[in-house]
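Asker: For reference, the file coords08.pdb (PDB, C-alpha atoms) is included below:
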```
ATOM      1  CA  MET E   1    -102.786 -44.895 -35.979
ATOM      2  CA  ILE E   2    -103.731 -46.620 -32.743
ATOM      3  CA  ARG E   3    -105.418 -49.988 -32.500
ATOM      4  CA  CYS E   4    -108.829 -49.498 -30.906
ATOM      5  CA  THR E   5    -109.875 -53.115 -30.385
ATOM      6  CA  PRO E   6    -107.086 -54.977 -28.562
ATOM      7  CA  GLU E   7    -106.787 -58.743 -28.609
ATOM      8  CA  ILE E   8    -107.167 -60.650 -25.346
ATOM      9  CA  ALA E   9    -103.913 -62.083 -24.090
ATOM     10  CA  ILE E  10    -104.637 -64.847 -21.579
ATOM     11  CA  VAL E  11    -101.892 -66.372 -19.455
ATOM     12  CA  PRO E  12    -101.556 -69.812 -21.134
ATOM     13  CA  ARG E  13    -101.862 -71.969 -18.048
ATOM     14  CA  GLN E  14    -104.321 -73.090 -15.408
ATOM     15  CA  THR E  15    -103.586 -71.726 -11.980
ATOM     16  CA  SER E  16    -104.728 -71.589  -8.372
ATOM     17  CA  TRP E  17    -105.484 -68.760  -5.971
ATOM     18  CA  LEU E  18    -101.969 -69.072  -4.565
ATOM     19  CA  ALA E  19    -100.496 -68.951  -8.062
ATOM     20  CA  ILE E  20    -102.449 -65.758  -8.770
ATOM     21  CA  GLY E  21    -100.636 -64.029  -5.920
ATOM     22  CA  VAL E  22     -97.303 -65.291  -7.213
ATOM     23  CA  ALA E  23     -98.123 -64.215 -10.786
ATOM     24  CA  ALA E  24     -99.033 -60.735  -9.558
ATOM     25  CA  ARG E  25     -95.502 -60.415  -8.211
ATOM     26  CA  ASP E  26     -93.880 -62.075 -11.214
ATOM     27  CA  LYS E  27     -93.564 -59.266 -13.733
ATOM     28  CA  ALA E  28     -92.551 -61.683 -16.458
ATOM     29  CA  ALA E  29     -96.027 -63.172 -16.101
ATOM     30  CA  MET E  30     -97.797 -59.805 -15.756
ATOM     31  CA  LYS E  31     -97.034 -58.080 -19.039
ATOM     32  CA  PRO E  32     -99.167 -54.984 -19.754
ATOM     33  CA  GLU E  33    -100.976 -56.631 -22.649
ATOM     34  CA  GLN E  34    -102.280 -59.462 -20.480
ATOM     35  CA  GLN E  35    -105.856 -58.855 -19.451
ATOM     36  CA  SER E  36    -107.028 -62.157 -17.994
ATOM     37  CA  ILE E  37    -105.889 -65.357 -16.364
ATOM     38  CA  ASN E  38    -107.252 -68.892 -16.426
ATOM     39  CA  LEU E  39    -108.431 -70.437 -13.157
ATOM     40  CA  THR E  40    -109.722 -73.932 -12.440
ATOM     41  CA  VAL E  41    -113.025 -73.652 -10.541
ATOM     42  CA  GLN E  42    -115.695 -76.062  -9.361
ATOM     43  CA  ARG E  43    -119.238 -75.691 -10.684
ATOM     44  CA  LEU E  44    -121.781 -76.230  -7.896
ATOM     45  CA  GLY E  45    -125.163 -77.350  -9.200
ATOM     46  CA  LEU E  46    -128.095 -75.568  -7.540
ATOM     47  CA  ALA E  47    -131.345 -75.297  -9.503
ATOM     48  CA  GLU E  48    -129.672 -77.307 -12.256
ATOM     49  CA  PRO E  49    -127.719 -80.356 -11.027
ATOM     50  CA  GLY E  50    -124.289 -81.125 -12.420
ATOM     51  CA  ASP E  51    -121.138 -80.458 -10.441
ATOM     52  CA  ALA E  52    -118.075 -80.159 -12.648
ATOM     53  CA  ALA E  53    -114.525 -78.829 -12.797
ATOM     54  CA  LEU E  54    -114.302 -75.863 -15.198
ATOM     55  CA  VAL E  55    -111.619 -73.500 -16.443
ATOM     56  CA  ARG E  56    -112.785 -69.906 -16.081
ATOM     57  CA  SER E  57    -111.157 -66.706 -17.381
ATOM     58  CA  LEU E  58    -110.857 -63.935 -14.798
ATOM     59  CA  ALA E  59    -110.188 -60.288 -15.605
ATOM     60  CA  VAL E  60    -106.903 -59.029 -14.170
ATOM     61  CA  GLU E  61    -107.333 -56.322 -11.533
ATOM     62  CA  ALA E  62    -104.255 -54.588 -10.170
ATOM     63  CA  PRO E  63    -103.403 -51.385  -8.305
ATOM     64  CA  VAL E  64    -102.144 -48.626 -10.586
ATOM     65  CA  SER E  65    -100.359 -45.784  -8.828
ATOM     66  CA  ILE E  66    -100.758 -42.514 -10.731
ATOM     67  CA  GLU E  67     -98.052 -39.882 -10.299
ATOM     68  CA  VAL E  68     -98.109 -36.451 -11.924
ATOM     69  CA  GLY E  69     -94.824 -34.610 -12.143
ATOM     70  CA  GLY E  70     -93.436 -36.810  -9.375
ATOM     71  CA  ILE E  71     -96.442 -36.140  -7.106
ATOM     72  CA  GLY E  72     -98.418 -39.132  -5.856
ATOM     73  CA  TYR E  73    -101.929 -38.368  -7.073
ATOM     74  CA  ALA E  74    -104.089 -41.505  -6.796
ATOM     75  CA  VAL E  75    -104.071 -45.288  -6.646
ATOM     76  CA  MET E  76    -106.725 -46.859  -8.847
ATOM     77  CA  MET E  77    -107.729 -50.489  -9.275
ATOM     78  CA  ALA E  78    -107.586 -51.173 -13.012
ATOM     79  CA  THR E  79    -106.940 -53.694 -15.755
ATOM     80  CA  PRO E  80    -103.253 -53.124 -16.624
ATOM     81  CA  VAL E  81    -103.657 -52.731 -20.374
ATOM     82  CA  ASP E  82    -103.833 -49.579 -22.548
ATOM     83  CA  LEU E  83    -102.245 -47.710 -19.649
ATOM     84  CA  GLU E  84    -100.864 -44.942 -21.869
ATOM     85  CA  ASP E  85    -104.430 -44.248 -23.050
ATOM     86  CA  TYR E  86    -105.526 -44.381 -19.414
ATOM     87  CA  GLY E  87    -102.880 -41.904 -18.252
ATOM     88  CA  LEU E  88    -103.735 -39.378 -20.952
ATOM     89  CA  GLY E  89    -107.485 -39.752 -20.486
ATOM     90  CA  PHE E  90    -107.176 -39.507 -16.696
ATOM     91  CA  ALA E  91    -105.102 -36.324 -16.951
ATOM     92  CA  LEU E  92    -107.651 -34.740 -19.302
ATOM     93  CA  SER E  93    -110.655 -35.857 -17.231
ATOM     94  CA  GLU E  94    -109.126 -34.600 -13.995
ATOM     95  CA  GLY E  95    -108.271 -31.229 -15.528
ATOM     96  CA  LEU E  96    -104.565 -31.757 -14.906
ATOM     97  CA  VAL E  97    -103.947 -30.819 -18.534
ATOM     98  CA  GLU E  98    -106.176 -29.097 -21.056
ATOM     99  CA  THR E  99    -104.686 -30.597 -24.206
ATOM    100  CA  PRO E 100    -102.605 -33.737 -24.908
ATOM    101  CA  ASP E 101     -99.559 -31.694 -25.929
ATOM    102  CA  GLN E 102     -99.261 -30.416 -22.348
ATOM    103  CA  ILE E 103     -98.030 -33.880 -21.362
ATOM    104  CA  GLU E 104     -94.291 -34.305 -21.863
ATOM    105  CA  ARG E 105     -94.323 -38.098 -21.576
ATOM    106  CA  ILE E 106     -95.981 -41.016 -19.813
ATOM    107  CA  ASP E 107     -93.878 -43.745 -18.211
ATOM    108  CA  ILE E 108     -95.285 -47.130 -17.221
ATOM    109  CA  HIS E 109     -93.321 -49.251 -14.755
ATOM    110  CA  PRO E 110     -94.039 -52.557 -13.009
ATOM    111  CA  VAL E 111     -93.701 -52.220  -9.228
ATOM    112  CA  GLU E 112     -94.154 -54.614  -6.354
ATOM    113  CA  GLY E 113     -97.805 -55.695  -6.393
ATOM    114  CA  GLY E 114     -98.930 -53.512  -9.300
ATOM    115  CA  TRP E 115     -98.004 -50.746 -11.728
ATOM    116  CA  ALA E 116     -96.754 -47.164 -11.573
ATOM    117  CA  LEU E 117     -98.140 -44.743 -14.158
ATOM    118  CA  ARG E 118     -95.973 -41.628 -14.223
ATOM    119  CA  ILE E 119     -97.248 -38.581 -16.091
ATOM    120  CA  TRP E 120     -94.736 -35.818 -16.713
ATOM    121  CA  VAL E 121     -95.981 -32.267 -17.219
ATOM    122  CA  PRO E 122     -94.446 -28.753 -17.318
ATOM    123  CA  SER E 123     -93.890 -26.966 -13.998
ATOM    124  CA  GLU E 124     -97.033 -24.831 -14.291
ATOM    125  CA  ARG E 125     -99.202 -27.933 -14.721
ATOM    126  CA  LYS E 126     -97.379 -29.650 -11.866
ATOM    127  CA  ALA E 127     -98.551 -26.859  -9.557
ATOM    128  CA  ILE E 128    -102.133 -27.537 -10.647
ATOM    129  CA  ALA E 129    -101.658 -31.246  -9.983
ATOM    130  CA  LEU E 130    -100.352 -30.527  -6.492
ATOM    131  CA  GLU E 131    -103.372 -28.358  -5.674
ATOM    132  CA  ARG E 132    -105.786 -30.909  -7.154
ATOM    133  CA  ALA E 133    -104.113 -33.704  -5.178
ATOM    134  CA  ARG E 134    -104.834 -31.781  -1.973
ATOM    135  CA  GLN E 135    -108.484 -31.258  -2.845
ATOM    136  CA  ARG E 136    -109.152 -34.439  -4.809
ATOM    137  CA  VAL E 137    -112.683 -35.763  -4.473
ATOM    138  CA  SER E 138    -113.029 -39.370  -3.403
ATOM    139  CA  GLU E 139    -115.086 -41.640  -5.633
ATOM    140  CA  SER E 140    -118.774 -42.004  -4.791
ATOM    141  CA  SER E 141    -118.283 -45.493  -3.330
ATOM    142  CA  CYS E 142    -115.759 -44.085  -0.826
ATOM    143  CA  GLY E 143    -117.669 -41.002   0.282
ATOM    144  CA  LEU E 144    -116.683 -37.329   0.301
ATOM    145  CA  CYS E 145    -114.392 -35.635   2.768
ATOM    146  CA  GLY E 146    -115.156 -32.095   3.925
ATOM    147  CA  ILE E 147    -117.059 -29.092   2.668
ATOM    148  CA  GLU E 148    -114.261 -28.153   0.252
ATOM    149  CA  ASN E 149    -114.721 -31.448  -1.574
ATOM    150  CA  ILE E 150    -118.495 -31.018  -1.683
ATOM    151  CA  GLU E 151    -117.938 -27.664  -3.365
ATOM    152  CA  GLN E 152    -115.594 -29.335  -5.839
ATOM    153  CA  VAL E 153    -118.286 -31.889  -6.738
ATOM    154  CA  LEU E 154    -120.801 -29.130  -7.430
ATOM    155  CA  ARG E 155    -118.481 -26.791  -9.330
ATOM    156  CA  PRO E 156    -119.994 -25.671 -12.654
ATOM    157  CA  LEU E 157    -119.311 -27.744 -15.750
ATOM    158  CA  PRO E 158    -118.355 -26.085 -19.026
ATOM    159  CA  PRO E 159    -121.503 -25.811 -21.177
ATOM    160  CA  LEU E 160    -121.443 -28.052 -24.217
ATOM    161  CA  THR E 161    -121.539 -26.301 -27.569
ATOM    162  CA  ALA E 162    -121.019 -29.283 -29.888
ATOM    163  CA  ARG E 163    -124.087 -30.812 -31.488
ATOM    164  CA  ILE E 164    -124.656 -33.978 -33.513
ATOM    165  CA  ALA E 165    -127.669 -35.251 -35.430
ATOM    166  CA  THR E 166    -128.543 -38.853 -34.617
ATOM    167  CA  ASP E 167    -131.595 -41.060 -34.119
ATOM    168  CA  ARG E 168    -132.968 -44.155 -32.400
ATOM    169  CA  ASP E 169    -131.712 -46.417 -35.179
ATOM    170  CA  ALA E 170    -128.149 -45.259 -34.520
ATOM    171  CA  ILE E 171    -128.502 -45.957 -30.797
ATOM    172  CA  ALA E 172    -129.884 -49.415 -31.551
ATOM    173  CA  ALA E 173    -127.063 -50.130 -34.003
ATOM    174  CA  ALA E 174    -124.396 -49.165 -31.467
ATOM    175  CA  LEU E 175    -125.990 -51.319 -28.778
ATOM    176  CA  ALA E 176    -126.169 -54.300 -31.125
ATOM    177  CA  ALA E 177    -122.500 -53.907 -32.101
ATOM    178  CA  LEU E 178    -121.084 -53.329 -28.611
ATOM    179  CA  ARG E 179    -120.617 -57.007 -27.759
ATOM    180  CA  ASP E 180    -118.272 -57.438 -30.726
ATOM    181  CA  HIS E 181    -116.026 -54.767 -29.180
ATOM    182  CA  GLN E 182    -115.889 -56.475 -25.761
ATOM    183  CA  PRO E 183    -113.493 -59.400 -26.157
ATOM    184  CA  LEU E 184    -112.405 -59.277 -22.514
ATOM    185  CA  GLY E 185    -116.008 -58.912 -21.376
ATOM    186  CA  GLN E 186    -117.033 -61.954 -23.386
ATOM    187  CA  ALA E 187    -114.163 -63.979 -21.927
ATOM    188  CA  THR E 188    -114.641 -62.963 -18.283
ATOM    189  CA  GLY E 189    -118.039 -61.299 -17.793
ATOM    190  CA  ALA E 190    -116.334 -58.956 -15.332
ATOM    191  CA  VAL E 191    -115.390 -55.723 -17.100
ATOM    192  CA  HIS E 192    -116.984 -52.546 -18.387
ATOM    193  CA  ALA E 193    -116.727 -51.149 -21.891
ATOM    194  CA  ALA E 194    -116.677 -47.579 -23.188
ATOM    195  CA  ALA E 195    -117.200 -47.004 -26.908
ATOM    196  CA  PHE E 196    -117.101 -43.920 -29.120
ATOM    197  CA  CYS E 197    -119.731 -44.001 -31.839
ATOM    198  CA  ALA E 198    -120.321 -42.041 -35.028
ATOM    199  CA  PRO E 199    -123.739 -40.321 -35.265
ATOM    200  CA  THR E 200    -124.787 -43.260 -37.494
ATOM    201  CA  GLY E 201    -124.138 -45.694 -34.626
ATOM    202  CA  GLU E 202    -120.903 -47.180 -35.981
ATOM    203  CA  ILE E 203    -118.464 -47.934 -33.161
ATOM    204  CA  LEU E 204    -115.162 -46.258 -33.984
ATOM    205  CA  CYS E 205    -113.149 -47.065 -30.853
ATOM    206  CA  ALA E 206    -113.665 -49.048 -27.644
ATOM    207  CA  ARG E 207    -111.805 -49.727 -24.426
ATOM    208  CA  GLU E 208    -112.407 -52.149 -21.534
ATOM    209  CA  ASP E 209    -111.508 -52.171 -17.837
ATOM    210  CA  VAL E 210    -112.700 -53.590 -14.538
ATOM    211  CA  GLY E 211    -113.601 -50.023 -13.572
ATOM    212  CA  ARG E 212    -116.237 -48.095 -15.497
ATOM    213  CA  HIS E 213    -114.409 -44.796 -14.865
ATOM    214  CA  ASN E 214    -111.165 -46.354 -16.056
ATOM    215  CA  ALA E 215    -112.754 -47.644 -19.254
ATOM    216  CA  LEU E 216    -114.016 -44.150 -20.073
ATOM    217  CA  ASP E 217    -110.652 -42.549 -19.266
ATOM    218  CA  LYS E 218    -108.940 -45.078 -21.541
ATOM    219  CA  LEU E 219    -111.388 -44.245 -24.322
ATOM    220  CA  ILE E 220    -110.861 -40.495 -23.914
ATOM    221  CA  GLY E 221    -107.108 -41.020 -24.005
ATOM    222  CA  ALA E 222    -107.310 -43.265 -27.079
ATOM    223  CA  LEU E 223    -109.366 -40.652 -28.933
ATOM    224  CA  ALA E 224    -106.887 -37.928 -28.000
ATOM    225  CA  ARG E 225    -103.937 -39.990 -29.201
ATOM    226  CA  ALA E 226    -105.723 -40.727 -32.476
ATOM    227  CA  GLY E 227    -106.695 -37.088 -33.002
ATOM    228  CA  THR E 228    -110.410 -37.961 -32.946
ATOM    229  CA  ASP E 229    -112.662 -35.149 -31.724
ATOM    230  CA  PRO E 230    -115.202 -36.445 -29.142
ATOM    231  CA  ALA E 231    -117.532 -33.647 -30.287
ATOM    232  CA  THR E 232    -118.235 -35.543 -33.522
ATOM    233  CA  GLY E 233    -120.112 -38.509 -32.044
ATOM    234  CA  PHE E 234    -121.516 -40.056 -28.874
ATOM    235  CA  ILE E 235    -120.206 -42.292 -26.092
ATOM    236  CA  LEU E 236    -121.792 -45.628 -25.156
ATOM    237  CA  LEU E 237    -121.097 -47.169 -21.731
ATOM    238  CA  SER E 238    -121.932 -50.602 -20.358
ATOM    239  CA  ALA E 239    -122.376 -49.218 -16.850
ATOM    240  CA  ARG E 240    -124.500 -47.424 -14.306
ATOM    241  CA  CYS E 241    -124.491 -43.726 -15.091
ATOM    242  CA  SER E 242    -122.897 -41.976 -12.115
ATOM    243  CA  TYR E 243    -122.210 -38.256 -12.011
ATOM    244  CA  GLU E 244    -118.473 -38.856 -12.587
ATOM    245  CA  LEU E 245    -119.179 -40.423 -15.972
ATOM    246  CA  VAL E 246    -121.363 -37.474 -16.971
ATOM    247  CA  GLU E 247    -118.613 -35.062 -15.927
ATOM    248  CA  LYS E 248    -115.883 -36.936 -17.801
ATOM    249  CA  THR E 249    -118.045 -36.957 -20.939
ATOM    250  CA  VAL E 250    -118.793 -33.246 -20.678
ATOM    251  CA  ARG E 251    -115.173 -32.287 -20.022
ATOM    252  CA  ALA E 252    -114.140 -34.338 -23.045
ATOM    253  CA  GLY E 253    -116.506 -32.180 -25.119
ATOM    254  CA  CYS E 254    -118.757 -35.052 -26.199
ATOM    255  CA  PRO E 255    -122.382 -33.894 -26.629
ATOM    256  CA  MET E 256    -124.183 -37.204 -25.976
ATOM    257  CA  LEU E 257    -123.874 -40.129 -23.562
ATOM    258  CA  VAL E 258    -125.732 -43.449 -23.761
ATOM    259  CA  THR E 259    -125.589 -45.898 -20.852
ATOM    260  CA  ILE E 260    -126.944 -49.407 -20.528
ATOM    261  CA  SER E 261    -127.925 -48.930 -16.888
ATOM    262  CA  ALA E 262    -129.781 -46.226 -14.987
ATOM    263  CA  PRO E 263    -128.467 -42.794 -13.959
ATOM    264  CA  THR E 264    -128.276 -41.357 -10.476
ATOM    265  CA  SER E 265    -130.158 -38.172  -9.615
ATOM    266  CA  LEU E 266    -126.961 -36.115  -9.605
ATOM    267  CA  ALA E 267    -125.913 -37.541 -12.978
ATOM    268  CA  ALA E 268    -129.229 -36.436 -14.488
ATOM    269  CA  GLU E 269    -128.995 -33.005 -12.856
ATOM    270  CA  ARG E 270    -125.446 -32.419 -14.077
ATOM    271  CA  ALA E 271    -126.339 -33.544 -17.601
ATOM    272  CA  VAL E 272    -129.169 -30.999 -17.735
ATOM    273  CA  GLN E 273    -126.925 -28.215 -16.406
ATOM    274  CA  ALA E 274    -124.227 -28.875 -19.003
ATOM    275  CA  GLY E 275    -126.569 -29.475 -21.932
ATOM    276  CA  LEU E 276    -125.495 -33.110 -22.307
ATOM    277  CA  THR E 277    -127.937 -35.341 -24.158
ATOM    278  CA  LEU E 278    -128.280 -38.337 -21.838
ATOM    279  CA  VAL E 279    -129.903 -41.662 -22.723
ATOM    280  CA  ALA E 280    -130.073 -44.388 -20.064
ATOM    281  CA  LEU E 281    -131.370 -47.933 -19.587
ATOM    282  CA  ALA E 282    -130.600 -48.426 -23.261
ATOM    283  CA  ARG E 283    -131.551 -51.977 -24.196
ATOM    284  CA  ALA E 284    -132.507 -53.782 -27.383
ATOM    285  CA  ASP E 285    -136.203 -53.006 -26.880
ATOM    286  CA  SER E 286    -136.178 -49.472 -25.465
ATOM    287  CA  ALA E 287    -134.246 -46.612 -23.886
ATOM    288  CA  LEU E 288    -134.998 -43.663 -21.618
ATOM    289  CA  VAL E 289    -134.147 -40.152 -22.819
ATOM    290  CA  ILE E 290    -133.167 -38.372 -19.607
ATOM    291  CA  ASN E 291    -132.229 -35.135 -21.327
ATOM    292  CA  ASP E 292    -132.222 -33.970 -24.923
ATOM    293  CA  ALA E 293    -132.948 -30.291 -24.536
ATOM    294  CA  ARG E 294    -131.003 -29.471 -27.694
ATOM    295  CA  GLY E 295    -132.942 -31.990 -29.817
ATOM    296  CA  MET E 296    -130.108 -34.165 -31.117
ATOM    297  CA  ILE E 297    -132.144 -37.389 -31.296
ATOM    298  CA  ALA E 298    -134.543 -37.411 -34.241
TER     299      ALA E 298
END
```
Translate this file's structure into structure tokens.

Answerer:
Amino acid sequence: MIRCTPEIAIVPRQTSWLAIGVAARDKAAMKPEQQSINLTVQRLGLAEPGDAALVRSLAVEAPVSIEVGGIGYAVMMATPVDLEDYGLGFALSEGLVETPDQIERIDIHPVEGGWALRIWVPSERKAIALERARQRVSESSCGLCGIENIEQVLRPLPPLTARIATDRDAIAAALAALRDHQPLGQATGAVHAAAFCAPTGEILCAREDVGRHNALDKLIGALARAGTDPATGFILLSARCSYELVEKTVRAGCPMLVTISAPTSLAAERAVQAGLTLVALARADSALVINDARGMIA
């Protein structure tokens, strides 16, 4: 049974910006379970006077090189914790594997300046990874390259067949409980959370990362490792709802996505096409139902 709410492990010392660079190269100081560092900062009073020296926790962000079958696939900026969950979830989300048992093993190695995440798959899946690496779509913040990649963005999603019965009280309960599943977020204020919720709103598993896509991939991987079917509940994200998050949710087979921030136009369009129930701008007082064509919210 996997642990779904990891403890925060903070480097037990104050440091400086120079020391951060040294710590990033010192692999004894950068163990995978460490998620934040302490930094001495100076508070500058603006509207409220009161300059002061403070110790602030900062979320660790490091480059993670993802290799599939020995092929360099991507370099992602991530929080180097729960990387086995991340590797499995990334492989499933990218369509590199269809089921967890198609992965032979996942190796995690410290390298100069970051981490190497090596995913080993059978030869037939390696060929798929090679083709996907050639056509891989850049993230929305980096733009898209070429008509082939535009076609990849707009390729049809598998229609969702799973259905849950939930209601506004369940959504409210999940929102109210999310903070308790964000220890790193509470300590740093700099990371996203992805949570899997039962139809009643109970949070069953959560993952955090500096990247919203990474947090969702980690969650998908954690559910796969635990043998939890994403079709049996809904996903809650503390992030803007971009089309990539909709696609990852749909490909995981989860029928409903709730996000704290607003969706993009393409995210809403893709949710409608796939039959994903999408709820956005979910706050304590209200939420917007972007799509619920299959009537899952009572």

Asker: Can you pull out every residue within 12 Å of E:Pro158, counting only C-alpha atoms, but drop anything in the same chain fewer than 2 positions away, and send it as a list in words?

Answerer: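 Answer for this query is Gly95, Arg155, Pro156, Leu160, Thr161, Ala162, Val246, Glu247, Lys248, Thr249, Val250, Arg251, Ala252, Gly253, Cys254, Pro255, Arg270, Ala271, Val272, Gln273, Ala274, Gly275 and Leu276 of chain E.
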
Asker: Any idea what's packed within 10 Å of E:Leu130, counting all atoms listed in the file, ignoring anything in its chain fewer than 2 positions away? Could you give it as a ChimeraX atom specification?

Answerer: /E:68-73,96,125-128,132-136

Asker: Which residue out of E:Glu112, E:Glu48, E:Glu202, E:Asp101 has the minimum interatomic distance to E:Pro63 when all atoms listed in the file are used?

Answerer: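 The answer is E:Glu112, which sits nearest to E:Pro63.
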
Asker: Using the chain letters and numbering of this document, enumerate as an MDAnalysis selection string the residues selected by the PyMOL selection byres ((chain E and resi 170-177) around 12).

Answerer: chainID E and resid 164:169 178:182 193:206 233:238 256:260 278:289 296:298

Asker: Rounded to one decimal place, report the atom CA of E:Glu244-atom CA of E:Leu83 distance in Å.

Answerer: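 Value for the atom CA of E:Glu244-atom CA of E:Leu83 distance: 19.8 Å.
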
Asker: Provide stretch 155-162 of chain E rebuilt to all heavy atoms, formatted as a PDB file, keeping the file's coordinate frame.

Answerer:
```
ATOM      1  N   ARG E 155    -118.996 -27.903  -8.525  1.00  0.00           N
ATOM      2  CA  ARG E 155    -118.481 -26.791  -9.330  1.00  0.00           C
ATOM      3  C   ARG E 155    -119.083 -26.849 -10.736  1.00  0.00           C
ATOM      4  O   ARG E 155    -119.341 -27.939 -11.266  1.00  0.00           O
ATOM      5  CB  ARG E 155    -116.953 -26.817  -9.400  1.00  0.00           C
ATOM      6  CG  ARG E 155    -116.367 -27.988 -10.162  1.00  0.00           C
ATOM      7  CD  ARG E 155    -114.836 -28.030  -9.961  1.00  0.00           C
ATOM      8  NE  ARG E 155    -114.203 -29.052 -10.777  1.00  0.00           N
ATOM      9  CZ  ARG E 155    -114.120 -30.334 -10.463  1.00  0.00           C
ATOM     10  NH1 ARG E 155    -114.696 -30.769  -9.338  1.00  0.00           N
ATOM     11  NH2 ARG E 155    -113.500 -31.183 -11.245  1.00  0.00           N
ATOM     12  N   PRO E 156    -119.334 -25.701 -11.346  1.00  0.00           N
ATOM     13  CA  PRO E 156    -119.994 -25.671 -12.654  1.00  0.00           C
ATOM     14  C   PRO E 156    -119.200 -26.412 -13.720  1.00  0.00           C
ATOM     15  O   PRO E 156    -117.970 -26.358 -13.744  1.00  0.00           O
ATOM     16  CB  PRO E 156    -120.086 -24.177 -12.973  1.00  0.00           C
ATOM     17  CG  PRO E 156    -119.991 -23.497 -11.646  1.00  0.00           C
ATOM     18  CD  PRO E 156    -119.085 -24.354 -10.816  1.00  0.00           C
ATOM     19  N   LEU E 157    -119.930 -27.087 -14.601  1.00  0.00           N
ATOM     20  CA  LEU E 157    -119.311 -27.744 -15.750  1.00  0.00           C
ATOM     21  C   LEU E 157    -119.307 -26.794 -16.937  1.00  0.00           C
ATOM     22  O   LEU E 157    -120.196 -25.945 -17.063  1.00  0.00           O
ATOM     23  CB  LEU E 157    -120.106 -29.009 -16.114  1.00  0.00           C
ATOM     24  CG  LEU E 157    -119.986 -30.190 -15.160  1.00  0.00           C
ATOM     25  CD1 LEU E 157    -120.984 -31.274 -15.555  1.00  0.00           C
ATOM     26  CD2 LEU E 157    -118.580 -30.744 -15.154  1.00  0.00           C
ATOM     27  N   PRO E 158    -118.342 -26.927 -17.813  1.00  0.00           N
ATOM     28  CA  PRO E 158    -118.355 -26.085 -19.026  1.00  0.00           C
ATOM     29  C   PRO E 158    -119.546 -26.456 -19.896  1.00  0.00           C
ATOM     30  O   PRO E 158    -119.794 -27.643 -20.145  1.00  0.00           O
ATOM     31  CB  PRO E 158    -117.033 -26.440 -19.707  1.00  0.00           C
ATOM     32  CG  PRO E 158    -116.674 -27.797 -19.202  1.00  0.00           C
ATOM     33  CD  PRO E 158    -117.178 -27.844 -17.792  1.00  0.00           C
ATOM     34  N   PRO E 159    -120.341 -25.492 -20.338  1.00  0.00           N
ATOM     35  CA  PRO E 159    -121.503 -25.811 -21.177  1.00  0.00           C
ATOM     36  C   PRO E 159    -121.067 -26.396 -22.510  1.00  0.00           C
ATOM     37  O   PRO E 159    -120.112 -25.912 -23.127  1.00  0.00           O
ATOM     38  CB  PRO E 159    -122.210 -24.460 -21.350  1.00  0.00           C
ATOM     39  CG  PRO E 159    -121.131 -23.440 -21.123  1.00  0.00           C
ATOM     40  CD  PRO E 159    -120.203 -24.040 -20.112  1.00  0.00           C
ATOM     41  N   LEU E 160    -121.760 -27.423 -22.941  1.00  0.00           N
ATOM     42  CA  LEU E 160    -121.443 -28.052 -24.217  1.00  0.00           C
ATOM     43  C   LEU E 160    -121.955 -27.199 -25.372  1.00  0.00           C
ATOM     44  O   LEU E 160    -123.087 -26.713 -25.341  1.00  0.00           O
ATOM     45  CB  LEU E 160    -122.059 -29.452 -24.288  1.00  0.00           C
ATOM     46  CG  LEU E 160    -121.364 -30.524 -23.443  1.00  0.00           C
ATOM     47  CD1 LEU E 160    -122.252 -31.750 -23.301  1.00  0.00           C
ATOM     48  CD2 LEU E 160    -120.029 -30.898 -24.068  1.00  0.00           C
ATOM     49  N   THR E 161    -121.135 -27.044 -26.380  1.00  0.00           N
ATOM     50  CA  THR E 161    -121.539 -26.301 -27.569  1.00  0.00           C
ATOM     51  C   THR E 161    -121.649 -27.204 -28.792  1.00  0.00           C
ATOM     52  O   THR E 161    -122.337 -26.864 -29.751  1.00  0.00           O
ATOM     53  CB  THR E 161    -120.532 -25.176 -27.870  1.00  0.00           C
ATOM     54  OG1 THR E 161    -119.227 -25.743 -28.026  1.00  0.00           O
ATOM     55  CG2 THR E 161    -120.498 -24.170 -26.727  1.00  0.00           C
ATOM     56  N   ALA E 162    -120.978 -28.359 -28.749  1.00  0.00           N
ATOM     57  CA  ALA E 162    -121.019 -29.283 -29.888  1.00  0.00           C
ATOM     58  C   ALA E 162    -122.405 -29.897 -30.015  1.00  0.00           C
ATOM     59  O   ALA E 162    -123.120 -30.081 -29.031  1.00  0.00           O
ATOM     60  CB  ALA E 162    -119.977 -30.374 -29.716  1.00  0.00           C
TER      61      ALA E 162
END
```
